[in-house]
Amino acid sequence: MTEFAEYVAQRHERLRRTAYLLTRDWAIAEDLVQTALAKAWVAWRRIDGDPDPYVYRIITNTHASWWRRRWRGEVPTEVLPDRADAGDFTSDVGDRDVLWTAIGELSGRQRAVVVLHYFEEMTLAQVADVLGCSVGAVKSQLGRALTRLRVDQGIQTITGARR
Amino acid sequence: MTHTEHDLRELLAARSEGGSGGAARLEEIVTRGRRIRRRRWAAAGTLAAALAVVAGLTPVLLSGGQGRASNIAASVQTPQGEGVRLAGVRLANVGRKEKVSFTPRSGKTSYRVNCAGPVQTFVRLGDQVDHGRCGNEQGREWSTFGKLEEAREGVTVEVEVFTIPTSRVPADITAETALSREDFDRVLALAEPGPGLWEIAIHDGGVSDRSCSPDICLHSGTLPATKGERNLAGLPNSHTIESRRFKEINKRFRVKADPSGQGSVYVRCEGADLYAFIWPGATGDGVLAVAQPCGAMPVNWDFQSTDGATVAVVPRERVPAGLDFASDLEKGADLAREIVGGLTPTPGNWEVAVQQWDDPPSKVKKSWSSDGKVTFSFED
């Protein structure tokens, strides 16, 4: 088995999950991963060291270009509707549905930051490297995303202990 | 209502589980990758072709459209993106595998296959197998070219390459087919050795579509191949000022041209059963310049100056064996005219090109070996 085939065998499932979180559609996610891996195959010999950052960069860039095509001409929602008043969600399932919906309404770049940081467990510096921007820009995007998602970083420990 | 980072992590992990799709489809990924690479190279080739056209036309336009300015040689420049040649092979047989060994100098190694054709070219290095059409087909000159992805700097490798007549390529192999190593062997097994001129050049860096020997790319000629290297045929650099394709044999054709100084006339009439005549000048009244059987190599006449050439191709069986055209050129010319005049035109494909040398005459030295073989040397 070649090095590339080994990489695909080991990493495909994880990449597919990341792609799904970005696209929220399994068919598109599958297509995104296939496209990204095909592009990586073309450049495989030029990749030094860990291919992951390169592959994630292709995935996020490709998704961004698809996103631009998909949303061109439409007006994005600037402010999320206040979901908290939409109903009395007291169960975990209800809370998660609200959060999942809110993630879907983030901008493409904000969603990428959230997914890479909280799902892929990348540091902000690694996220910046993948997205090709500064750490400051990542922090800014993440801050806005968490605000829109109503995720309070300050109560993480307390919540974690409660659970 | 607020959420925590822990909620977020759990949610992302839970929502991304499952989904249809399953295992990776490696074959499809590689097929897509090859398609991407082919598109990129096609785009690069289009650019290279455009540059070459511009480079080729510039001196013609500057000189008033007829390409007769004496400063043409000075105007010709190495094509942009042209790398340094690592290896090159020229062959007169199709249907036989050739191995070309070279040591890459960087991460970018390119190849280009030029053919008289029409043939299909197959190139293999490791798991990379490329193929494409090559040579004269549908009124155009085609080359197969690409990047050798498996070549690594400093590691000597061996590229395998063969050409096969297009008619012998299996129907399941199209331009979009991604080939495996086994496909390369399968097609090679179908090939039958035969005559056919082709060459492969391997470069460190890029390889432009002007890296073609002028006796293969009859209709475009060649520019200085790269950083000092000659075209693989070792012929003077030249550009085509007139080229024609004919569909009849047994008939004399006049090809008018207005070169400035030295040049070459090439007649490509592949096939063991044909014979070519070339008379100097567009009227064809003078002595015979060349009388020679056709073959993989084009029939060639190098001129000092001319206003064109008169050419004819006839069945070889109609040229009596042992007839000597060379010892008495005037008598030979009459004999040739008699042979052609006594035949009825019939369908047959062949072509002719008149090329003007871009190398200044003072820099080209032509010599003949005892067996009549012509060699050129240059003062670069």
# chains A, B, ... in the order shown; residues from 1 in each chain; ligands from 1
$ interface_residues --of "chain B" --to "chain A" --cutoff "10 Å" --atoms "only C-alpha atoms" --output "MDAnalysis selection string"
chainID B and resid 1:13 15:37 107:108 127 149:152
$ select_by_dssp --residues "segment 274-349 of chain B" --states "helix (DSSP H, G or I)" --output "list in words"
Arg316, Glu317, Arg318, Leu329, Glu330, Lys331, Gly332, Ala333, Asp334, Leu335, Ala336, Arg337, Glu338, Ile339, Val340 and Gly341 of chain B
$ residues_around --residues "segment 250-257 of chain B" --least-positions-apart "3" --cutoff "6 Å" --atoms "only C-alpha atoms" --output "list in words"
Ala282, Asp307, Gly308, Ala309, Thr310, Val311, Ala312, Val313, Val314, Val340, Leu343 and Pro345 of chain B
$ select_by_dssp --residues "segment 240-278 of chain B" --states "strand (DSSP E or B)" --output "list in words"
Thr240, Ile241, Glu242, Ser243, Arg244, Arg245, Phe246, Lys247, Glu248, Ile249, Phe253, Arg254, Val255, Lys256, Gly263, Ser264, Val265, Tyr266, Val267, Arg268, Leu274, Tyr275, Ala276, Phe277 and Ile278 of chain B
$ closest_residue --among "A:Leu131, A:Ile47, A:Ala112, A:Ile28" --to "Ala145 of chain A" --atoms "only C-alpha atoms"
A:Ala112
$ atom_distance --atom1 "atom CA of Val55 of chain A" --atom2 "atom CA of Thr23 of chain A"
16.2 Å
$ residues_around --residues "Met297 of chain B" --least-positions-apart "5" --cutoff "9 Å" --atoms "only C-alpha atoms" --output "list in words"
Ala92, Ala116, Pro195, Gly196, Leu197, Asp215, Ile216, Arg268, Cys269 and Glu270 of chain B
